[in-house]
Structure formats: C-alpha cells, structure tokens
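Asks: Can you keep this structure in mind? I'll have questions shortly.
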Amino acid sequence: PVGAQQWVPPEPRSIEQLKSAAGGCEGCELHADATQTVFGRGAADARVVLVGEQPGDVEDQKGLPFVGPAGRLLREAVDDAGLDASDVYITNAVKHFRFERRGNRRIHQNPGPAHITACRPWLVAEFSLLKPELVVILGATAGRALLGPSFRVTQQRGRLMPWPASAQHPGDFPVAEIHALATIHPSAVLRADNREVAYGGLVDDLKIAAAAVS
Ligand code: URA
Ligand code: SF4
C-alpha cells in the first residue's frame with residue numbers, strides 16, 4: 001500500500017480537518033470494501049488518548065469509534081476507573097474495518113502489519129495535535145502499531161511507562177512528554193471465560209491511567 005501520508009493535510013490543521021481528509025483516504029485497500037473511514041473522537045484538549053485496533057461492524061456503519069459492544073464495555077470501564085470521559089479521546093490504529101464476507105455476514109479480520117503501517121500517519125497526526133499526557137494502548141494490535149513488533153500485552157499491561165525510545169521514528173510521534181500504559185482490548189473481556197475477572201483487570205489498569213493524570 002502507498003500509505004496515508006499524501007492524504008494528511010499540512011499543519012496548521014484541526015481534528016475536524018484531519019477527520020474530513022481521512023474520509024477520502026485510499027492509503028491501503030481497506031477503504032474499498034468498508035463503508036466509511038472511522039476517525040478518532042473526543043475533545044481536542046483531552047489529556048488521555050485511548051488507541052484500539054480498528055473499527056468493528058457497528059463502527060463501520062455508524063462512522064464512530066467504539067460504539068458497538070466492545071465500545072459500551074470500554075466506556076463503562078473508563079467510568080468505573082474514575083477517568084473523566086471529557087478528558088479522553090478515543091481512536092484506532094487502523095481507520096477502516098477489515099472483514100471477510102461469509103454469506104450475508106461480515107467477519108472481523110485482524111489488520112495486517114501493512115495496514116497498520118499504511119494508517120500510521122493518521123495516528124501520528126492525531127498525536128501531534130492532541131499532545132496527550134498519556135496514551136492507553138488497548139491490546140496487541142495497538143501495541144504493535146505504537147511500540148513495535150516485540151510488544152506483548154500480557155507482559156506489559158498495567159505499568160505506566162515513559163514512551164519507549166525504541167518506539168520512536170524520525171518525524172514520527174511527538175513523544176517528549178508522553179507516557180504509555182497498555183491494557184487488554186475490551187473485546188478480550190467479552191471473549192473471556194471469566195468476564196468479571198477480565199473486566200476487573202481492565203478497570204484496574206485504567207485506574208492507573210486515571211491516577212497518572214489526576
Ligand atoms: N474495536 C476496536 O478496536 N475499535 C473500535 O472502534 C471498535 C471495536
Ligand atoms: Fe487510509 Fe487507514 Fe483506511 Fe488504509 S485503513 S485507506 S490507510 S484510513
């Protein structure tokens with residue numbers, strides 16, 4: 001894929017301008033089958049940015065991130081952790097829904113490394129505007145997009161860390177003051193054998209995020 005860079009408007013720019021430009025992105029083939037681009041959502045002065053994987057079926061239809069079942073669970077967890085929803089901007093590593101058609105159904109497929117790389121300029125542009133204090137990484141795909149291929153959610157979750165130098169690329173994330181915190185993806189809670197325990201773990205991790213910005 002050619003990547004999203006040529007669709008990213010030059011600075012100065014607003015989140016609204018980024019969102020509108022991303023609506024026309026053809027940086028990888030995912031735009032062809034998906035309904036629409038699903039850009040990030042939240043206040044421009046949010047101190048915490050939550051990064052998920054890619055929009056799901058419901059998000060693809062509504063054009064908004066985390067508005068399906070995983071999104072409901074995530075919002076509840078944000079609330080239970082004491083994070084102020086107005087202080088949170090929610091986005092995804094990949095902005096189009098990747099799926100496989102089976103009959104009338106659309107089955108979620110994980111984005112590949114090429115999609116993550118192609119879509120990364122949007123995430124970088126969001127970060128450069130928002131200048132978050134803390135980035136919460138939801139699950140393995142977001143972790144690999146932001147921190148690199150050696151990221152392991154089971155090992156790195158729940159620990160507040162300075163933005164790792166290994167995750168920096170020239171001209172990439174403006175990371176000077178950013179902290180990162182990884183946790184599980186809310187979809188993993190929905191799939192867990194013991195949902196209550198998994199949900200409690202997600203909330204505990206988000207409490208560390210809440211404490212870090214309070
Ligand atoms: N899962 C994600 O990672 N992002 C969404 O927006 C919805 C579900
Ligand atoms: Fe562009 Fe990202 Fe959509 Fe690919 S997934 S077309 S890079 S917005």
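Lettering and numbering for the structure tokens are positional, with chains as A, B, ... in the shown order, residues counted from 1 in each chain, and ligands counted from 1 in the shown order.
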As a ChimeraX atom specification, which residues of chain A does DSSP assign to alpha helix (DSSP H)?
Replies: /A:15-22,30-33,57-62,69-80,113-130,139-147,153-156,186-191,195-213
Asks: Which polymer residues have any atom within 10 Å of an atom of range 63-66 of chain A, counting only C-alpha atoms, with same-chain residues fewer than 3 positions away left out, as JSON, numbers by chain?
Replies: {"A": [23, 35, 36, 37, 38, 39, 40, 41, 52, 54, 55, 56, 57, 58, 59, 60, 69, 70, 71, 72, 73, 74, 75, 90, 91, 92, 95, 96, 186]}
Asks: Could you tell me how far CA of Ala165 in chain A lies from CA of Ala118 in chain A, in Å and to one decimal?
Replies: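 Between CA of Ala165 in chain A and CA of Ala118 in chain A the gap works out to 21.4 Å.
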Asks: Mind giving me the straight-line distance from CA of Asp204 in chain A to CA of Arg159 in chain A in Å, one decimal?
Replies: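 Distance reported for this atom pair: 10.8 Å.
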Asks: Leaving out range 126-138 of chain A and any residue of its chain fewer than 3 positions from it, which residues lie within 7 Å of it when counting only C-alpha atoms, given as a list in words?
Replies: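 So the residues in contact are Ala44, Asp45, Ala46, Arg47, Val48, Val49, Leu50, Val51, Gly52, Trp122, Leu123, Ala142, Gly143, Phe173, Pro174, Glu177, Ile178, His179, Ala180, Leu181, Ala182, Thr183, Ile184 and His185 of chain A.
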Asks: Would you mind reading off the distance between CA of Pro12 in chain A and CA of Ser86 in chain A, one decimal, in Å?
Replies: 23.7 Å
Asks: Nearest to Ala212 in chain A: which of A:Leu190, A:Ala81, A:Ala145, A:Val197 is it, counting only C-alpha atoms?
Replies: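 Using only C-alpha atoms, the shortest distance to Ala212 in chain A belongs to A:Ala81.
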Asks: Kindly compile the residues surrounding ligand 2 within 10 Å, counting only C-alpha atoms and all ligand atoms, and format them as a count of residues only.
Replies: 47
Asks: Which residue is closest to Leu202 in chain A? Choose from A:Asp87, A:His169, A:Val78, A:Trp163 and count only C-alpha atoms.
Replies: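 So, comparing all the options, the nearest one is A:Val78.
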Asks: Go through A:Ala209, A:Val153, A:Val124, A:Ala43 one by one, measure the shortest atom-to-atom distance of each to Gly82 in chain A using only C-alpha atoms, and give the residue with the smallest value.
Replies: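 Selected residue with least distance to Gly82 in chain A: A:Ala209.
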Asks: Determine the nearest neighbour of ligand 1 from the options A:Leu147, A:Ala167, A:Val189, A:Leu18, counting only C-alpha atoms and all ligand atoms.
Replies: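 That would be A:Val189, the residue with the smallest distance to ligand 1.
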